[in-house]
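For reference, final-v6.txt is printed below; it contains compact mmCIF, C-alpha atoms and all ligand atoms.
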```
# COMPACT_ATOMS: atom_id res chain seq x y z
CA MET A 1 114.13 86.12 66.45
CA GLU A 2 114.71 88.36 69.50
CA TYR A 3 112.25 88.26 72.35
CA SER A 4 112.21 90.14 75.61
CA GLY A 5 110.77 89.44 79.02
CA ARG A 6 111.47 89.13 82.72
CA ILE A 7 113.26 86.29 84.50
CA ILE A 8 110.96 84.84 87.14
CA LYS A 9 113.25 82.07 88.33
CA GLY A 10 116.61 80.52 87.70
CA ILE A 11 117.76 76.99 88.44
CA GLY A 12 121.34 76.16 87.55
CA SER A 13 121.96 77.88 84.23
CA PHE A 14 118.32 77.65 83.16
CA TYR A 15 116.11 80.69 83.52
CA THR A 16 112.38 80.92 83.13
CA VAL A 17 111.48 84.11 81.26
CA LYS A 18 107.97 85.46 81.26
CA THR A 19 106.92 87.31 78.10
CA ASP A 20 103.69 88.49 76.55
CA GLU A 21 103.87 85.32 74.42
CA GLY A 22 104.16 83.01 77.40
CA GLU A 23 107.05 81.50 79.33
CA PHE A 24 110.35 80.37 77.86
CA VAL A 25 113.20 78.44 79.43
CA CYS A 26 116.48 80.06 78.47
CA LYS A 27 120.04 79.05 78.95
CA ALA A 28 122.68 81.59 79.91
CA ARG A 29 125.79 81.39 77.78
CA GLY A 30 129.24 81.63 79.33
CA LYS A 31 129.54 85.26 78.31
CA PHE A 32 127.64 86.46 81.39
CA ARG A 33 130.18 84.81 83.63
CA LYS A 34 132.94 86.45 81.61
CA ILE A 35 131.55 89.93 82.19
CA GLY A 36 131.21 89.17 85.88
CA THR A 37 127.46 89.18 86.14
CA SER A 38 124.85 86.49 86.18
CA PRO A 39 121.16 86.80 85.45
CA VAL A 40 118.84 86.82 88.47
CA PRO A 41 115.06 86.78 88.96
CA GLY A 42 113.61 90.19 88.25
CA ASP A 43 116.02 90.86 85.40
CA LEU A 44 114.62 92.20 82.16
CA VAL A 45 116.32 90.30 79.38
CA THR A 46 116.40 89.75 75.65
CA PHE A 47 116.81 86.25 74.24
CA GLU A 48 116.88 84.25 71.03
CA VAL A 49 114.44 81.42 70.57
CA VAL A 50 116.02 78.23 69.26
CA GLU A 51 113.05 75.90 69.40
CA ASP A 52 109.58 75.83 70.90
CA GLY A 53 109.69 77.47 74.31
CA LYS A 54 113.47 77.36 74.56
CA GLY A 55 116.12 79.98 74.00
CA TYR A 56 119.44 81.59 74.80
CA LEU A 57 119.74 84.78 76.84
CA SER A 58 121.33 87.64 74.87
CA GLU A 59 121.34 90.71 77.12
CA ILE A 60 120.46 91.77 80.65
CA LEU A 61 118.89 95.23 80.50
CA PRO A 62 120.19 97.86 82.94
CA ARG A 63 119.01 97.17 86.49
CA LYS A 64 117.25 99.60 88.78
CA ASN A 65 118.76 97.76 91.77
CA LEU A 66 120.24 94.42 92.74
CA LEU A 67 119.70 92.81 96.12
CA ILE A 68 122.07 90.16 97.42
CA ARG A 69 119.89 88.24 99.89
CA PRO A 70 117.87 87.12 98.06
CA ALA A 71 119.62 87.67 94.72
CA VAL A 72 116.94 89.55 92.82
CA ALA A 73 116.92 92.60 90.56
CA ASN A 74 114.57 95.49 89.90
CA VAL A 75 112.65 95.31 93.15
CA ASP A 76 110.05 98.09 93.38
CA LYS A 77 108.70 97.69 96.89
CA LEU A 78 109.69 96.15 100.18
CA MET A 79 106.87 95.07 102.46
CA ILE A 80 108.31 95.42 105.96
CA VAL A 81 106.05 93.30 108.11
CA MET A 82 105.61 94.00 111.83
CA ALA A 83 103.10 92.47 114.21
CA ALA A 84 100.57 94.64 116.04
CA SER A 85 100.65 92.12 118.90
CA LEU A 86 103.42 89.50 119.16
CA PRO A 87 106.31 89.17 118.52
CA LYS A 88 107.22 92.53 120.01
CA PRO A 89 108.33 94.85 117.19
CA ASP A 90 112.02 95.03 116.38
CA PHE A 91 112.15 98.74 115.51
CA SER A 92 115.85 98.62 114.89
CA LEU A 93 115.37 96.01 112.16
CA THR A 94 112.67 98.16 110.56
CA ASP A 95 115.01 101.19 110.62
CA LYS A 96 117.75 99.19 108.93
CA LEU A 97 115.44 97.82 106.27
CA LEU A 98 114.19 101.35 105.60
CA VAL A 99 117.77 102.57 105.15
CA GLN A 100 118.41 99.74 102.71
CA CYS A 101 115.29 100.74 100.77
CA GLU A 102 116.49 104.35 100.61
CA ILE A 103 119.87 103.22 99.30
CA ALA A 104 118.46 100.82 96.71
CA GLY A 105 115.63 103.03 95.49
CA ILE A 106 112.94 100.68 96.77
CA THR A 107 109.63 102.03 98.08
CA PRO A 108 109.01 100.62 101.55
CA VAL A 109 105.54 99.77 102.80
CA ILE A 110 105.25 99.04 106.51
CA ILE A 111 102.68 96.37 107.19
CA LEU A 112 101.23 96.16 110.65
CA ASN A 113 99.84 92.64 110.59
CA LYS A 114 97.69 90.87 113.20
CA CYS A 115 95.42 93.91 113.59
CA ASP A 116 92.77 91.40 114.77
CA GLU A 117 94.63 91.27 118.09
CA GLN A 118 96.02 94.77 118.01
CA ASP A 119 97.90 96.33 120.88
CA GLU A 120 97.09 100.06 120.76
CA GLU A 121 100.51 101.02 122.11
CA ILE A 122 102.31 99.22 119.32
CA ARG A 123 100.11 100.78 116.67
CA GLU A 124 100.68 104.21 118.17
CA ALA A 125 104.46 103.67 118.27
CA VAL A 126 104.60 102.52 114.65
CA LEU A 127 102.49 105.42 113.41
CA SER A 128 104.37 108.06 115.38
CA GLN A 129 107.78 106.74 114.35
CA TYR A 130 107.18 105.90 110.71
CA ALA A 131 103.96 107.33 109.29
CA SER A 132 105.14 110.67 110.69
CA CYS A 133 108.18 110.64 108.38
CA GLY A 134 106.13 109.87 105.33
CA TYR A 135 106.28 106.08 105.15
CA ALA A 136 103.15 104.18 104.19
CA VAL A 137 101.77 102.07 107.03
CA LEU A 138 99.03 99.51 106.35
CA SER A 139 97.08 97.91 109.16
CA LEU A 140 95.84 94.47 108.23
CA SER A 141 95.25 90.89 109.22
CA ALA A 142 96.29 87.81 107.28
CA GLU A 143 93.96 85.90 109.58
CA THR A 144 90.69 87.78 109.03
CA GLY A 145 91.51 89.35 105.66
CA GLU A 146 90.91 92.85 106.99
CA GLY A 147 92.87 95.45 105.03
CA MET A 148 94.15 92.95 102.44
CA ASP A 149 92.74 94.97 99.53
CA ALA A 150 95.13 97.80 100.31
CA LEU A 151 98.04 95.36 100.19
CA LYS A 152 96.84 93.95 96.86
CA ALA A 153 96.68 97.48 95.46
CA GLU A 154 100.29 98.08 96.54
CA ILE A 155 101.45 94.94 94.72
CA LYS A 156 99.74 95.71 91.41
CA ASP A 157 102.35 96.50 88.71
CA ASN A 158 105.23 96.09 91.17
CA ILE A 159 107.88 93.55 92.12
CA CYS A 160 107.59 93.19 95.88
CA CYS A 161 109.69 91.52 98.56
CA PHE A 162 108.49 90.68 102.06
CA ALA A 163 110.82 91.12 105.02
CA GLY A 164 110.64 91.28 108.79
CA GLN A 165 111.18 89.32 111.99
CA SER A 166 110.24 85.71 112.27
CA ALA A 167 106.59 85.01 113.19
CA VAL A 168 105.17 88.40 112.20
CA GLY A 169 103.09 86.67 109.53
CA LYS A 170 105.00 87.01 106.26
CA SER A 171 104.20 83.49 105.09
CA SER A 172 100.58 83.86 106.21
CA LEU A 173 100.26 87.05 104.16
CA MET A 174 101.79 85.47 101.08
CA ASN A 175 99.56 82.43 101.44
CA ALA A 176 96.54 84.72 101.72
CA LEU A 177 97.56 86.39 98.45
CA ALA A 178 98.44 83.15 96.67
CA PRO A 179 97.00 80.03 98.35
CA GLU A 180 98.82 77.78 95.85
CA LEU A 181 102.09 78.77 97.50
CA SER A 182 101.20 76.89 100.71
CA LEU A 183 104.23 78.19 102.57
CA ALA A 184 104.84 76.69 105.99
CA VAL A 185 103.29 78.81 108.71
CA GLY A 186 104.21 78.76 112.37
CA GLY A 187 107.23 80.99 112.31
CA LEU A 188 108.41 80.15 115.79
CA SER A 189 110.42 77.23 114.47
CA GLU A 190 112.69 79.81 112.96
CA LYS A 191 115.57 77.42 112.38
CA THR A 192 113.76 75.08 110.05
CA ASP A 193 112.30 78.14 108.34
CA ARG A 194 115.73 79.53 107.59
CA GLY A 195 117.12 76.20 106.50
CA ARG A 196 114.34 75.87 104.03
CA HIS A 197 114.94 79.27 102.51
CA THR A 198 118.66 78.90 102.07
CA THR A 199 118.15 75.85 99.88
CA ARG A 200 115.42 77.42 97.81
CA HIS A 201 115.79 79.38 94.63
CA ALA A 202 114.33 82.83 94.67
CA GLU A 203 111.22 82.88 92.57
CA LEU A 204 108.86 85.65 91.57
CA TRP A 205 105.23 84.70 92.11
CA GLN A 206 102.74 86.43 89.84
CA VAL A 207 99.93 87.80 91.99
CA CYS A 208 97.52 90.74 92.02
CA GLY A 209 98.84 92.09 88.71
CA GLY A 210 102.39 92.23 90.08
CA ALA A 211 104.89 89.83 91.55
CA MET A 212 106.07 88.90 95.00
CA LEU A 213 109.11 87.16 96.25
CA ASP A 214 109.49 84.56 98.92
CA THR A 215 110.80 85.83 102.23
CA PRO A 216 114.32 87.22 102.18
CA GLY A 217 116.55 87.42 105.24
CA PHE A 218 117.16 90.51 107.33
CA SER A 219 119.75 92.05 105.11
CA LEU A 220 119.07 92.81 101.48
CA LEU A 221 122.26 94.69 100.80
CA ASP A 222 125.78 94.75 102.08
CA THR A 223 125.93 97.88 104.24
CA ALA A 224 129.62 97.41 105.10
CA GLU A 225 130.48 100.23 102.70
CA LEU A 226 128.05 102.66 104.29
CA GLU A 227 129.91 105.65 105.80
CA PRO A 228 128.63 106.70 109.24
CA VAL A 229 128.45 110.30 108.04
CA ASP A 230 126.13 109.30 105.18
CA LEU A 231 123.61 107.43 107.31
CA CYS A 232 121.50 110.53 108.04
CA LYS A 233 120.84 111.00 104.32
CA TYR A 234 118.68 107.88 104.48
CA TYR A 235 116.44 109.22 107.26
CA PRO A 236 113.79 111.37 105.55
CA GLU A 237 113.06 113.33 108.73
CA MET A 238 116.75 114.35 109.00
CA ARG A 239 117.55 114.67 105.32
CA GLU A 240 115.73 117.96 104.83
CA HIS A 241 117.62 119.69 107.66
CA LEU A 242 121.19 118.64 106.92
CA ASN A 243 122.21 122.00 105.50
CA GLN A 244 121.54 123.62 108.87
CA CYS A 245 124.55 122.04 110.60
CA ARG A 246 127.78 124.00 111.05
CA PHE A 247 129.99 121.13 109.94
CA PRO A 248 129.38 119.30 106.67
CA GLU A 249 130.71 116.11 108.31
CA CYS A 250 128.23 116.39 111.19
CA VAL A 251 126.74 113.05 112.26
CA HIS A 252 124.37 114.89 114.62
CA ILE A 253 125.48 113.29 117.85
CA THR A 254 128.12 115.34 119.68
CA GLU A 255 128.96 118.13 117.24
CA PRO A 256 128.34 121.76 118.19
CA ASP A 257 125.87 123.88 116.22
CA CYS A 258 124.04 120.89 114.84
CA GLY A 259 120.84 121.78 112.99
CA VAL A 260 119.35 118.34 113.43
CA LYS A 261 119.52 117.75 117.19
CA PRO A 262 117.16 120.60 118.11
CA LEU A 263 114.46 118.77 116.14
CA ILE A 264 114.47 115.71 118.37
CA GLY A 265 111.08 115.54 119.98
CA SER A 266 109.37 117.48 117.20
CA ASN A 267 110.26 116.41 113.62
CA ILE A 268 112.49 113.59 114.82
CA HIS A 269 111.18 110.86 117.09
CA PRO A 270 113.46 110.44 120.15
CA GLU A 271 113.46 106.64 119.95
CA ARG A 272 114.24 106.58 116.27
CA TYR A 273 117.03 109.08 116.95
CA SER A 274 118.53 106.98 119.73
CA ARG A 275 118.52 103.91 117.48
CA TYR A 276 120.15 106.05 114.78
CA CYS A 277 122.96 106.88 117.24
CA LYS A 278 123.47 103.16 117.91
CA PHE A 279 123.51 102.44 114.19
CA VAL A 280 126.19 105.12 113.68
CA GLU A 281 128.27 103.45 116.40
CA GLU A 282 127.86 100.07 114.74
CA LEU A 283 129.00 101.46 111.41
CA LYS A 284 132.02 103.11 113.04
CA GLU A 285 132.85 99.83 114.73
CA LYS A 286 132.71 98.04 111.38
CA ARG A 287 135.06 100.65 109.88
CA ARG A 288 137.55 100.19 112.72
CA HIS A 289 137.69 96.46 112.16
CA LYS A 290 137.99 96.92 108.45
CA TYR A 291 141.27 98.84 108.80
CA ASP A 292 142.69 96.75 111.66
N1 LIG A 301 96.09 86.64 115.13
C1 LIG A 301 96.80 86.58 114.01
N2 LIG A 301 97.79 85.67 113.87
C2 LIG A 301 98.48 85.65 112.72
C3 LIG A 301 98.22 86.56 111.66
N3 LIG A 301 99.10 86.31 110.67
C4 LIG A 301 99.87 85.29 111.06
N4 LIG A 301 99.51 84.88 112.30
C5 LIG A 301 100.12 83.78 113.09
O1 LIG A 301 101.47 84.14 113.41
C6 LIG A 301 102.32 82.98 113.40
C7 LIG A 301 103.50 83.21 112.48
O2 LIG A 301 103.05 83.33 111.15
P1 LIG A 301 103.99 83.09 109.88
O3 LIG A 301 103.19 83.42 108.69
O4 LIG A 301 104.63 81.74 109.92
O5 LIG A 301 105.12 84.21 110.15
P2 LIG A 301 106.53 84.42 109.39
O6 LIG A 301 107.58 83.76 110.23
O7 LIG A 301 106.73 85.90 109.36
O8 LIG A 301 106.43 83.84 108.02
C8 LIG A 301 101.43 81.82 112.99
O9 LIG A 301 101.02 81.15 114.14
C9 LIG A 301 100.26 82.49 112.29
O10 LIG A 301 99.08 81.72 112.37
C10 LIG A 301 97.16 87.52 111.84
O11 LIG A 301 96.86 88.35 111.01
N5 LIG A 301 96.51 87.48 113.04
MG MG A 302 107.68 82.39 107.11
ZN ZN A 303 124.20 117.94 112.69
```
Take the structure in the file and write it out as structure tokens.
Ligand SMILES: Nc1nc2c(ncn2[C@@H]2O[C@H](COP(=O)(O)OP(=O)(O)O)[C@@H](O)[C@H]2O)c(=O)[nH]1
Ligand SMILES: [Mg+2]
Ligand SMILES: [Zn+2]
Amino acid sequence: MEYSGRIIKGIGSFYTVKTDEGEFVCKARGKFRKIGTSPVPGDLVTFEVVEDGKGYLSEILPRKNLLIRPAVANVDKLMIVMAASLPKPDFSLTDKLLVQCEIAGITPVIILNKCDEQDEEIREAVLSQYASCGYAVLSLSAETGEGMDALKAEIKDNICCFAGQSAVGKSSLMNALAPELSLAVGGLSEKTDRGRHTTRHAELWQVCGGAMLDTPGFSLLDTAELEPVDLCKYYPEMREHLNQCRFPECVHITEPDCGVKPLIGSNIHPERYSRYCKFVEELKEKRRHKYD
């Protein structure tokens, strides 16, 4: 008999599949390797049951997206966590994660954690740079619980990943949502934190009527293939003005008759723009090395 469900974790060639009839442990046959794909958490699959609670995977249903770090499919939302106090926000990391969300079709939610010790300047900067271009920004505190209901509502019916700098409170937030996780908190011992995650298998935790995934690294996708000229398409505040440039290949930095540059200071935040320029340079640099 054919069943269907979602993979919530995989260890070796054994995958735990959650269905309406409970969880099954399924083995992947060699055929997946042959077609050059392997099942990952988040995958919607069909499988055949061979005995009680055990089966063989038959098909992986088409994926909405596939992240590489961590390897997970069909992610709906990325919670980009920043701290309203310390550590000082890494805006450039947030920009890059937002671009990756735009590419992968993931809805980003910016979480301004530690609002219990909020620095007004940081809050103002985050709102003026991100809320202004349409991104959702939630102010909350893992410590006091303030604003956590809004986060829970975002998770409902979605597969969510948490990302962001070390020590912004990702583990604290996940522990607040699912105390049974008891993730190590402290963040500043970043090295041990990383070591731990590289040896762990990605696992979807069922919470708040959705699922969340243990902390990924800083890069969900390989952006090596991203063309500098395409970067602007992933900035919502630039995207709507691209047809106003004289040259279709305009990257909006030094070109004449650019329709985007005049908007710096109004629709486009100057700091976000200057980080965009750096990002373009980085992508160009990558290209140069690629063809060396
Ligand atoms: N004041 C305050 N501190 C917090 C909050 N959330 C986390 N922290 C502290 O920030 C530090 C890093 O937290 P952690 O969850 O390990 O961050 P991670 O590296 O992003 O997983 C710890 O000392 C936490 O106790 C919060 O909402 N308010
Ligand atoms: Mg952590
Ligand atoms: Zn332009």
| task | Select the residues contacting ligand ZN 303 (chain A) at a distance of at most 8 Å, based on all atoms listed in the file, then format the selection as a list in words. | result |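 The residues within 8 Å of ligand ZN 303 (chain A), counting all atoms listed in the file, are Leu242, Gln244, Cys245, Arg246, Phe247, Cys250, Val251, His252, Ile253, Glu255, Pro256, Asp257, Cys258, Gly259, Val260 and Lys261 of chain A.
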| Please, what distance in Å, to one decimal, runs between CA of Lys284 in chain A and CA of Tyr135 in chain A? | 27.1 Å
| message | Show me the residues around (110.4, 99.0, 95.3) - criterion: an atom at most 7 Å away, all atoms listed in the file counted - as a ChimeraX atom specification. | response | /A:75-78,105-108,159-160
| At most 6 Å from ligand LIG 301 (chain A) (only C-alpha atoms and all ligand atoms): residue list as a ChimeraX atom specification | /A:113-114,116-117,141-143,166-172,185-187
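CA of Ile68 in chain A sits 17.1 Å away from CA of Gly12 in chain A.
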Gly164 in chain A: which residues within 10 Å, counting all atoms listed in the file, same-chain residues fewer than 6 positions away excluded, as a CSV table (one decimal) with C-alpha atoms, in the frame of the given file?
```
chain,number,residue,atom,x,y,z
A,78,LEU,CA,109.7,96.2,100.2
A,79,MET,CA,106.9,95.1,102.5
A,80,ILE,CA,108.3,95.4,106.0
A,81,VAL,CA,106.0,93.3,108.1
A,82,MET,CA,105.6,94.0,111.8
A,83,ALA,CA,103.1,92.5,114.2
A,89,PRO,CA,108.3,94.8,117.2
A,90,ASP,CA,112.0,95.0,116.4
A,93,LEU,CA,115.4,96.0,112.2
A,94,THR,CA,112.7,98.2,110.6
A,97,LEU,CA,115.4,97.8,106.3
A,110,ILE,CA,105.2,99.0,106.5
A,111,ILE,CA,102.7,96.4,107.2
A,170,LYS,CA,105.0,87.0,106.3
A,215,THR,CA,110.8,85.8,102.2
A,216,PRO,CA,114.3,87.2,102.2
A,217,GLY,CA,116.6,87.4,105.2
A,218,PHE,CA,117.2,90.5,107.3
A,219,SER,CA,119.8,92.0,105.1
```
Neighbour residues at most 6 Å from (118.9, 98.5, 94.8) (only C-alpha atoms) as a PDB file with C-alpha atoms, in the frame of the given file:
```
ATOM      1  CA  ASN A  65     118.760  97.760  91.770  1.00  0.00           C
ATOM      2  CA  LEU A  66     120.240  94.420  92.740  1.00  0.00           C
ATOM      3  CA  LEU A  67     119.700  92.810  96.120  1.00  0.00           C
ATOM      4  CA  ALA A 104     118.460 100.820  96.710  1.00  0.00           C
ATOM      5  CA  GLY A 105     115.630 103.030  95.490  1.00  0.00           C
TER       6      GLY A 105
END
```
| request: Can you work out which one of A:Glu146, A:Asn175, A:Ser266, A:Tyr235 has the shortest atom-to-atom distance to ligand MG 302 (chain A), counting only C-alpha atoms and all ligand atoms? | output: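 Ranking A:Glu146, A:Asn175, A:Ser266, A:Tyr235 by distance to ligand MG 302 (chain A), first place goes to A:Asn175.
The space between CA of Val72 in chain A and CA of Lys18 in chain A spans 15.2 Å.
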| query | Using only C-alpha atoms, which residue out of A:Thr144, A:Glu203, A:Lys233, A:Ala84 lies closest to Ile122 in chain A? | reply | A:Ala84
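Among the candidates A:Val280, A:Ile35, A:Leu181, A:Val50, the residue lying nearest to ligand MG 302 (chain A) is A:Leu181 (atoms considered: all atoms listed in the file).
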Complete range 53-75 of chain A with N, CA and C atoms (output as a compact mmCIF listing (two decimals), in the frame of the given file).
```txt
# COMPACT_ATOMS: atom_id res chain seq x y z
N GLY A 53 109.60 77.23 72.88
CA GLY A 53 109.69 77.47 74.31
C GLY A 53 111.08 77.48 74.90
N LYS A 54 112.10 77.38 74.04
CA LYS A 54 113.47 77.36 74.56
C LYS A 54 114.33 78.41 73.86
N GLY A 55 115.29 78.96 74.62
CA GLY A 55 116.12 79.98 74.00
C GLY A 55 117.44 80.19 74.70
N TYR A 56 118.17 81.19 74.19
CA TYR A 56 119.44 81.59 74.80
C TYR A 56 119.37 83.07 75.18
N LEU A 57 119.75 83.39 76.40
CA LEU A 57 119.74 84.78 76.84
C LEU A 57 120.77 85.58 76.04
N SER A 58 120.38 86.79 75.60
CA SER A 58 121.33 87.64 74.87
C SER A 58 121.84 88.76 75.77
N GLU A 59 120.93 89.55 76.32
CA GLU A 59 121.34 90.71 77.12
C GLU A 59 120.52 90.81 78.40
N ILE A 60 121.17 91.37 79.43
CA ILE A 60 120.46 91.77 80.65
C ILE A 60 120.29 93.29 80.53
N LEU A 61 119.09 93.78 80.59
CA LEU A 61 118.89 95.23 80.50
C LEU A 61 119.33 95.89 81.80
N PRO A 62 119.71 97.18 81.72
CA PRO A 62 120.19 97.86 82.94
C PRO A 62 119.22 97.69 84.11
N ARG A 63 119.81 97.43 85.31
CA ARG A 63 119.01 97.17 86.49
C ARG A 63 118.75 98.44 87.29
N LYS A 64 117.58 98.50 87.86
CA LYS A 64 117.25 99.60 88.78
C LYS A 64 117.95 99.37 90.12
N ASN A 65 118.02 98.12 90.55
CA ASN A 65 118.76 97.76 91.77
C ASN A 65 119.02 96.26 91.74
N LEU A 66 119.91 95.84 92.63
CA LEU A 66 120.24 94.42 92.74
C LEU A 66 120.42 94.09 94.21
N LEU A 67 119.57 93.23 94.73
CA LEU A 67 119.70 92.81 96.12
C LEU A 67 120.56 91.55 96.17
N ILE A 68 121.22 91.34 97.33
CA ILE A 68 122.07 90.16 97.42
C ILE A 68 121.40 89.01 98.16
N ARG A 69 120.57 89.30 99.14
CA ARG A 69 119.89 88.24 99.89
C ARG A 69 118.42 88.58 99.97
N PRO A 70 117.59 88.06 99.14
CA PRO A 70 117.87 87.12 98.06
C PRO A 70 118.46 87.83 96.85
N ALA A 71 119.10 87.09 95.95
CA ALA A 71 119.62 87.67 94.72
C ALA A 71 118.43 87.93 93.80
N VAL A 72 118.09 89.19 93.65
CA VAL A 72 116.94 89.55 92.82
C VAL A 72 117.16 90.99 92.34
N ALA A 73 116.70 91.27 91.14
CA ALA A 73 116.92 92.60 90.56
C ALA A 73 115.60 93.34 90.37
N ASN A 74 115.71 94.64 90.26
CA ASN A 74 114.57 95.49 89.90
C ASN A 74 113.39 95.40 90.87
N VAL A 75 113.71 95.36 92.15
CA VAL A 75 112.65 95.31 93.15
C VAL A 75 112.05 96.71 93.31
```
